[in-house]
$ cat run_4.pdb   # PDB, C-alpha atoms
ATOM      1  CA  MET U  10      42.838  29.128   0.448  1.00  0.00           C
ATOM      2  CA  ILE U  11      39.447  29.011   2.185  1.00  0.00           C
ATOM      3  CA  HIS U  12      38.053  32.304   3.386  1.00  0.00           C
ATOM      4  CA  GLU U  13      35.477  31.827   6.153  1.00  0.00           C
ATOM      5  CA  VAL U  14      33.362  34.761   7.224  1.00  0.00           C
ATOM      6  CA  PRO U  15      32.438  34.782  10.935  1.00  0.00           C
ATOM      7  CA  LYS U  16      28.699  34.369  11.654  1.00  0.00           C
ATOM      8  CA  GLU U  17      28.384  37.829  13.192  1.00  0.00           C
ATOM      9  CA  LYS U  18      29.368  39.367   9.821  1.00  0.00           C
ATOM     10  CA  TRP U  19      26.859  37.384   7.753  1.00  0.00           C
ATOM     11  CA  LEU U  20      24.233  39.408   5.881  1.00  0.00           C
ATOM     12  CA  TYR U  21      21.425  37.130   7.077  1.00  0.00           C
ATOM     13  CA  ARG U  22      20.808  34.739   9.955  1.00  0.00           C
ATOM     14  CA  ASP U  23      21.152  31.163   8.704  1.00  0.00           C
ATOM     15  CA  ARG U  24      18.561  28.921  10.333  1.00  0.00           C
ATOM     16  CA  GLY U  25      20.491  25.722   9.547  1.00  0.00           C
ATOM     17  CA  MET U  26      18.343  22.641   8.949  1.00  0.00           C
ATOM     18  CA  VAL U  27      15.155  24.472   9.980  1.00  0.00           C
ATOM     19  CA  LYS U  28      14.931  25.955   6.494  1.00  0.00           C
ATOM     20  CA  TRP U  29      14.533  22.437   5.031  1.00  0.00           C
ATOM     21  CA  LEU U  30      11.573  21.390   7.212  1.00  0.00           C
ATOM     22  CA  GLY U  31       9.002  22.545   4.652  1.00  0.00           C
ATOM     23  CA  PHE U  32      10.672  20.629   1.833  1.00  0.00           C
ATOM     24  CA  PHE U  33       9.208  17.203   1.054  1.00  0.00           C
ATOM     25  CA  MET U  34       9.959  14.926  -1.865  1.00  0.00           C
ATOM     26  CA  SER U  35       6.960  14.089  -4.062  1.00  0.00           C
ATOM     27  CA  ASP U  36       7.423  10.366  -3.313  1.00  0.00           C
ATOM     28  CA  HIS U  37       7.217  11.084   0.399  1.00  0.00           C
ATOM     29  CA  THR U  38       4.093  13.211  -0.055  1.00  0.00           C
ATOM     30  CA  ASN U  39       2.430  10.459  -2.127  1.00  0.00           C
ATOM     31  CA  PHE U  40       3.312   7.873   0.509  1.00  0.00           C
ATOM     32  CA  MET U  41       1.869  10.042   3.286  1.00  0.00           C
ATOM     33  CA  ASP U  42      -1.358  10.570   1.288  1.00  0.00           C
ATOM     34  CA  GLN U  43      -1.637   6.829   0.726  1.00  0.00           C
ATOM     35  CA  GLU U  44      -1.100   6.097   4.423  1.00  0.00           C
ATOM     36  CA  ARG U  45      -3.729   8.679   5.371  1.00  0.00           C
ATOM     37  CA  ALA U  46      -6.225   7.044   2.992  1.00  0.00           C
ATOM     38  CA  ASN U  47      -5.486   3.617   4.502  1.00  0.00           C
ATOM     39  CA  GLU U  48      -6.111   4.963   8.009  1.00  0.00           C
ATOM     40  CA  GLN U  49      -9.612   6.139   7.128  1.00  0.00           C
ATOM     41  CA  ALA U  50     -12.461   3.946   8.331  1.00  0.00           C
ATOM     42  CA  LEU U  51     -13.077   1.037   6.009  1.00  0.00           C
ATOM     43  CA  THR U  52     -16.522  -0.111   4.978  1.00  0.00           C
ATOM     44  CA  ARG U  53     -17.250  -3.503   6.481  1.00  0.00           C
ATOM     45  CA  LEU U  54     -18.018  -5.808   3.564  1.00  0.00           C
ATOM     46  CA  PRO U  55     -20.357  -8.774   4.093  1.00  0.00           C
ATOM     47  CA  GLN U  56     -18.840 -11.970   5.489  1.00  0.00           C
ATOM     48  CA  GLN U  57     -18.543 -14.588   2.731  1.00  0.00           C
ATOM     49  CA  PRO U  58     -18.644 -18.360   3.212  1.00  0.00           C
ATOM     50  CA  ALA U  59     -15.254 -20.097   3.234  1.00  0.00           C
ATOM     51  CA  GLU U  60     -16.137 -21.981   0.020  1.00  0.00           C
ATOM     52  CA  THR U  61     -16.740 -18.715  -1.882  1.00  0.00           C
ATOM     53  CA  ILE U  62     -13.495 -17.195  -0.639  1.00  0.00           C
ATOM     54  CA  ASP U  63     -11.591 -20.380  -1.509  1.00  0.00           C
ATOM     55  CA  SER U  64     -13.050 -20.393  -5.040  1.00  0.00           C
ATOM     56  CA  LEU U  65     -12.088 -16.740  -5.663  1.00  0.00           C
ATOM     57  CA  LEU U  66      -8.562 -17.265  -4.308  1.00  0.00           C
ATOM     58  CA  GLN U  67      -8.203 -20.334  -6.535  1.00  0.00           C
ATOM     59  CA  GLN U  68      -9.245 -18.284  -9.599  1.00  0.00           C
ATOM     60  CA  SER U  69      -6.751 -15.557  -8.726  1.00  0.00           C
ATOM     61  CA  TRP U  70      -3.990 -18.139  -8.405  1.00  0.00           C
ATOM     62  CA  GLU U  71      -4.820 -20.132 -11.547  1.00  0.00           C
ATOM     63  CA  HIS U  72      -5.440 -17.171 -13.881  1.00  0.00           C
ATOM     64  CA  THR U  73      -3.097 -14.576 -12.305  1.00  0.00           C
ATOM     65  CA  LYS U  74      -6.000 -12.236 -11.574  1.00  0.00           C
ATOM     66  CA  THR U  75      -5.945  -9.415  -9.053  1.00  0.00           C
ATOM     67  CA  VAL U  76      -8.020  -9.986  -5.954  1.00  0.00           C
ATOM     68  CA  ASN U  77      -9.122  -7.572  -3.233  1.00  0.00           C
ATOM     69  CA  LEU U  78      -9.181  -9.106   0.254  1.00  0.00           C
ATOM     70  CA  GLN U  79     -10.757  -7.656   3.369  1.00  0.00           C
ATOM     71  CA  ILE U  80      -9.074  -9.073   6.443  1.00  0.00           C
ATOM     72  CA  GLU U  81     -10.245  -8.848  10.029  1.00  0.00           C
ATOM     73  CA  VAL U  82      -7.869  -9.470  12.919  1.00  0.00           C
ATOM     74  CA  SER U  83      -8.932  -8.539  16.467  1.00  0.00           C
ATOM     75  CA  ASN U  84     -11.787  -6.344  15.154  1.00  0.00           C
ATOM     76  CA  HIS U  85      -9.343  -4.410  12.955  1.00  0.00           C
ATOM     77  CA  LEU U  86     -10.170  -4.286   9.232  1.00  0.00           C
ATOM     78  CA  ALA U  87      -7.640  -4.010   6.420  1.00  0.00           C
ATOM     79  CA  ASN U  88      -7.969  -4.208   2.647  1.00  0.00           C
ATOM     80  CA  HIS U  89      -5.174  -5.742   0.582  1.00  0.00           C
ATOM     81  CA  GLN U  90      -4.994  -6.022  -3.186  1.00  0.00           C
ATOM     82  CA  GLY U  91      -2.736  -8.330  -5.157  1.00  0.00           C
ATOM     83  CA  ILE U  92      -2.341 -11.707  -6.824  1.00  0.00           C
ATOM     84  CA  ILE U  93      -2.409 -15.024  -4.987  1.00  0.00           C
ATOM     85  CA  ILE U  94       0.964 -16.715  -5.482  1.00  0.00           C
ATOM     86  CA  GLY U  95       0.482 -19.743  -3.271  1.00  0.00           C
ATOM     87  CA  PHE U  96      -1.264 -21.653  -0.508  1.00  0.00           C
ATOM     88  CA  GLU U  97       0.021 -23.625   2.428  1.00  0.00           C
ATOM     89  CA  ARG U  98      -2.709 -24.423   4.920  1.00  0.00           C
ATOM     90  CA  PRO U  99      -3.707 -22.352   6.862  1.00  0.00           C
ATOM     91  CA  PHE U 100      -1.861 -19.543   5.041  1.00  0.00           C
ATOM     92  CA  VAL U 101      -2.417 -17.700   1.750  1.00  0.00           C
ATOM     93  CA  PHE U 102       0.425 -15.810   0.064  1.00  0.00           C
ATOM     94  CA  LEU U 103      -0.540 -12.529  -1.629  1.00  0.00           C
ATOM     95  CA  GLN U 104       1.833 -10.617  -3.899  1.00  0.00           C
ATOM     96  CA  THR U 105       1.100  -6.881  -3.628  1.00  0.00           C
ATOM     97  CA  ASP U 106       2.753  -3.886  -5.261  1.00  0.00           C
ATOM     98  CA  THR U 107       4.917  -3.438  -2.159  1.00  0.00           C
ATOM     99  CA  GLY U 108       5.836  -7.063  -1.430  1.00  0.00           C
ATOM    100  CA  MET U 109       4.490 -10.423  -0.325  1.00  0.00           C
ATOM    101  CA  LEU U 110       1.949 -10.831   2.489  1.00  0.00           C
ATOM    102  CA  THR U 111       1.265 -14.013   4.411  1.00  0.00           C
ATOM    103  CA  ILE U 112      -2.406 -14.063   5.412  1.00  0.00           C
ATOM    104  CA  LEU U 113      -4.235 -16.500   7.650  1.00  0.00           C
ATOM    105  CA  PHE U 114      -7.104 -17.970   5.606  1.00  0.00           C
ATOM    106  CA  ASN U 115      -9.569 -17.698   8.525  1.00  0.00           C
ATOM    107  CA  ALA U 116      -8.842 -13.941   8.802  1.00  0.00           C
ATOM    108  CA  ILE U 117     -10.239 -13.271   5.298  1.00  0.00           C
ATOM    109  CA  ARG U 118     -13.833 -12.077   5.580  1.00  0.00           C
ATOM    110  CA  HIS U 119     -14.443 -10.934   1.987  1.00  0.00           C
ATOM    111  CA  ALA U 120     -12.769 -11.513  -1.387  1.00  0.00           C
ATOM    112  CA  GLU U 121     -13.516 -10.173  -4.842  1.00  0.00           C
ATOM    113  CA  LEU U 122     -11.752 -10.411  -8.176  1.00  0.00           C
ATOM    114  CA  ILE U 123     -10.848  -7.102  -9.751  1.00  0.00           C
ATOM    115  CA  LYS U 124     -11.099  -6.623 -13.481  1.00  0.00           C
ATOM    116  CA  ARG U 125      -8.046  -4.721 -14.614  1.00  0.00           C
ATOM    117  CA  GLU U 126      -8.258  -2.786 -17.831  1.00  0.00           C
ATOM    118  CA  LYS U 127      -5.409  -3.204 -20.249  1.00  0.00           C
ATOM    119  CA  TRP U 128      -3.278  -0.108 -20.693  1.00  0.00           C
ATOM    120  CA  TRP U 129      -3.925  -0.041 -24.425  1.00  0.00           C
ATOM    121  CA  VAL U 130      -7.726   0.025 -23.871  1.00  0.00           C
ATOM    122  CA  GLN U 131      -7.749   3.034 -21.532  1.00  0.00           C
ATOM    123  CA  ASP U 132      -8.777   6.432 -22.878  1.00  0.00           C
ATOM    124  CA  VAL U 133      -6.049   9.043 -22.967  1.00  0.00           C
TER     125      VAL U 133
END

$ encode --input "run_4.pdb" --output "structure tokens"
Amino acid sequence: MIHEVPKEKWLYRDRGMVKWLGFFMSDHTNFMDQERANEQALTRLPQQPAETIDSLLQQSWEHTKTVNLQIEVSNHLANHQGIIIGFERPFVFLQTDTGMLTILFNAIRHAELIKREKWWVQDV
């Protein structure tokens, strides 16, 4: 048998879902921090020649090295980091931590290879 107490006899006023508004999961907080960092103004890196960009993308693809790309579309800058997994003119396919991006080669203004330290070399 279920015994329900009427709301007027409750010892406190239950605010329903309002009480949960201050509760955020740590994953959600990390995601929001990451999004906030991405929204901050990016430093405009120097424009590289197409041959230099092509060479760095080729190295990333051949040796599975991480590359950082600065992309400019309609005067909007974005940085993306990942490994080149393929080419199909005029597109470049970049595998990031969150998924695959298809990037127009002409939109890439700067590329640089990133040296990743091995986990066993890092200081604890």

$ residues_around --input "run_4.pdb" --residues "Ser64 in chain U" --least-positions-apart "2" --cutoff "12 Å" --atoms "only C-alpha atoms" --output "short mmCIF file (atom, residue, chain, number, x, y, z; two decimals) with C-alpha atoms, keeping the file's coordinate frame"
data_model
loop_
_atom_site.label_atom_id
_atom_site.label_comp_id
_atom_site.auth_asym_id
_atom_site.auth_seq_id
_atom_site.Cartn_x
_atom_site.Cartn_y
_atom_site.Cartn_z
CA GLN U 57 -18.54 -14.59 2.73
CA PRO U 58 -18.64 -18.36 3.21
CA ALA U 59 -15.25 -20.10 3.23
CA GLU U 60 -16.14 -21.98 0.02
CA THR U 61 -16.74 -18.72 -1.88
CA ILE U 62 -13.50 -17.20 -0.64
CA LEU U 66 -8.56 -17.26 -4.31
CA GLN U 67 -8.20 -20.33 -6.54
CA GLN U 68 -9.24 -18.28 -9.60
CA SER U 69 -6.75 -15.56 -8.73
CA TRP U 70 -3.99 -18.14 -8.40
CA GLU U 71 -4.82 -20.13 -11.55
CA VAL U 76 -8.02 -9.99 -5.95
CA ILE U 93 -2.41 -15.02 -4.99
CA HIS U 119 -14.44 -10.93 1.99
CA ALA U 120 -12.77 -11.51 -1.39
CA GLU U 121 -13.52 -10.17 -4.84
CA LEU U 122 -11.75 -10.41 -8.18
#

$ closest_residue --input "run_4.pdb" --among "U:Lys18, U:Asp63, U:His85, U:Glu44" --to "Asn115 in chain U" --atoms "only C-alpha atoms"
U:Asp63

$ atom_distance --input "run_4.pdb" --atom1 "CA of Asp36 in chain U" --atom2 "CA of Asp106 in chain U"
15.1 Å

$ residues_near_point --input "run_4.pdb" --point "(1.8, -20.5, -0.7)" --cutoff "12 Å" --atoms "only C-alpha atoms" --output "list in words"
Leu66, Gln67, Trp70, Ile92, Ile93, Ile94, Gly95, Phe96, Glu97, Arg98, Pro99, Phe100, Val101, Phe102, Leu103, Gln104, Met109, Leu110, Thr111, Ile112, Leu113 and Phe114 of chain U

$ resolve_selection --input "run_4.pdb" --expression "the PyMOL selection byres ((chain U and resi 84) around 12)" --output "list in words"
Leu51, Arg53, Gln79, Ile80, Glu81, Val82, Ser83, His85, Leu86, Ala87, Ala116 and Arg118 of chain U

$ closest_residue --input "run_4.pdb" --among "U:Thr52, U:Thr38, U:Thr107, U:Gln43" --to "Asn88 in chain U" --atoms "all atoms listed in the file"
U:Thr52

$ decode --input "run_4.pdb" --residues "range 30-79 of chain U" --atoms "C-alpha atoms" --output "PDB file, in the first residue's frame"
ATOM      1  CA  LEU U  30      19.951  23.255 -12.011  1.00  0.00           C
ATOM      2  CA  GLY U  31      23.255  23.697 -10.173  1.00  0.00           C
ATOM      3  CA  PHE U  32      24.278  20.090 -10.759  1.00  0.00           C
ATOM      4  CA  PHE U  33      26.564  19.471 -13.738  1.00  0.00           C
ATOM      5  CA  MET U  34      28.396  16.307 -14.689  1.00  0.00           C
ATOM      6  CA  SER U  35      32.189  16.637 -14.859  1.00  0.00           C
ATOM      7  CA  ASP U  36      32.135  15.614 -18.545  1.00  0.00           C
ATOM      8  CA  HIS U  37      29.710  18.426 -19.292  1.00  0.00           C
ATOM      9  CA  THR U  38      31.841  20.941 -17.389  1.00  0.00           C
ATOM     10  CA  ASN U  39      34.976  19.826 -19.275  1.00  0.00           C
ATOM     11  CA  PHE U  40      33.148  20.124 -22.589  1.00  0.00           C
ATOM     12  CA  MET U  41      31.935  23.631 -21.738  1.00  0.00           C
ATOM     13  CA  ASP U  42      35.480  24.687 -20.738  1.00  0.00           C
ATOM     14  CA  GLN U  43      36.827  23.302 -24.003  1.00  0.00           C
ATOM     15  CA  GLU U  44      34.172  25.130 -26.029  1.00  0.00           C
ATOM     16  CA  ARG U  45      34.930  28.376 -24.195  1.00  0.00           C
ATOM     17  CA  ALA U  46      38.642  27.987 -24.997  1.00  0.00           C
ATOM     18  CA  ASN U  47      37.828  27.371 -28.675  1.00  0.00           C
ATOM     19  CA  GLU U  48      35.713  30.536 -28.797  1.00  0.00           C
ATOM     20  CA  GLN U  49      38.593  32.722 -27.639  1.00  0.00           C
ATOM     21  CA  ALA U  50      40.337  34.746 -30.328  1.00  0.00           C
ATOM     22  CA  LEU U  51      42.905  32.703 -32.188  1.00  0.00           C
ATOM     23  CA  THR U  52      46.325  34.003 -33.117  1.00  0.00           C
ATOM     24  CA  ARG U  53      46.577  34.394 -36.869  1.00  0.00           C
ATOM     25  CA  LEU U  54      49.520  32.258 -37.958  1.00  0.00           C
ATOM     26  CA  PRO U  55      51.493  33.243 -41.070  1.00  0.00           C
ATOM     27  CA  GLN U  56      50.139  32.097 -44.434  1.00  0.00           C
ATOM     28  CA  GLN U  57      52.267  29.239 -45.793  1.00  0.00           C
ATOM     29  CA  PRO U  58      52.809  28.408 -49.466  1.00  0.00           C
ATOM     30  CA  ALA U  59      50.686  25.553 -50.828  1.00  0.00           C
ATOM     31  CA  GLU U  60      53.820  23.436 -51.425  1.00  0.00           C
ATOM     32  CA  THR U  61      54.824  23.649 -47.738  1.00  0.00           C
ATOM     33  CA  ILE U  62      51.334  22.744 -46.560  1.00  0.00           C
ATOM     34  CA  ASP U  63      51.177  19.848 -49.033  1.00  0.00           C
ATOM     35  CA  SER U  64      54.549  18.518 -47.826  1.00  0.00           C
ATOM     36  CA  LEU U  65      53.497  18.631 -44.146  1.00  0.00           C
ATOM     37  CA  LEU U  66      50.154  16.949 -44.880  1.00  0.00           C
ATOM     38  CA  GLN U  67      51.984  14.252 -46.851  1.00  0.00           C
ATOM     39  CA  GLN U  68      54.319  13.609 -43.882  1.00  0.00           C
ATOM     40  CA  SER U  69      51.368  13.362 -41.506  1.00  0.00           C
ATOM     41  CA  TRP U  70      49.682  10.860 -43.807  1.00  0.00           C
ATOM     42  CA  GLU U  71      52.753   8.718 -44.529  1.00  0.00           C
ATOM     43  CA  HIS U  72      54.115   8.561 -40.962  1.00  0.00           C
ATOM     44  CA  THR U  73      50.841   8.837 -38.983  1.00  0.00           C
ATOM     45  CA  LYS U  74      51.992  12.049 -37.313  1.00  0.00           C
ATOM     46  CA  THR U  75      49.721  14.577 -35.651  1.00  0.00           C
ATOM     47  CA  VAL U  76      49.325  17.844 -37.497  1.00  0.00           C
ATOM     48  CA  ASN U  77      47.849  21.161 -36.372  1.00  0.00           C
ATOM     49  CA  LEU U  78      45.932  22.998 -39.104  1.00  0.00           C
ATOM     50  CA  GLN U  79      44.744  26.586 -39.053  1.00  0.00           C
TER      51      GLN U  79
END
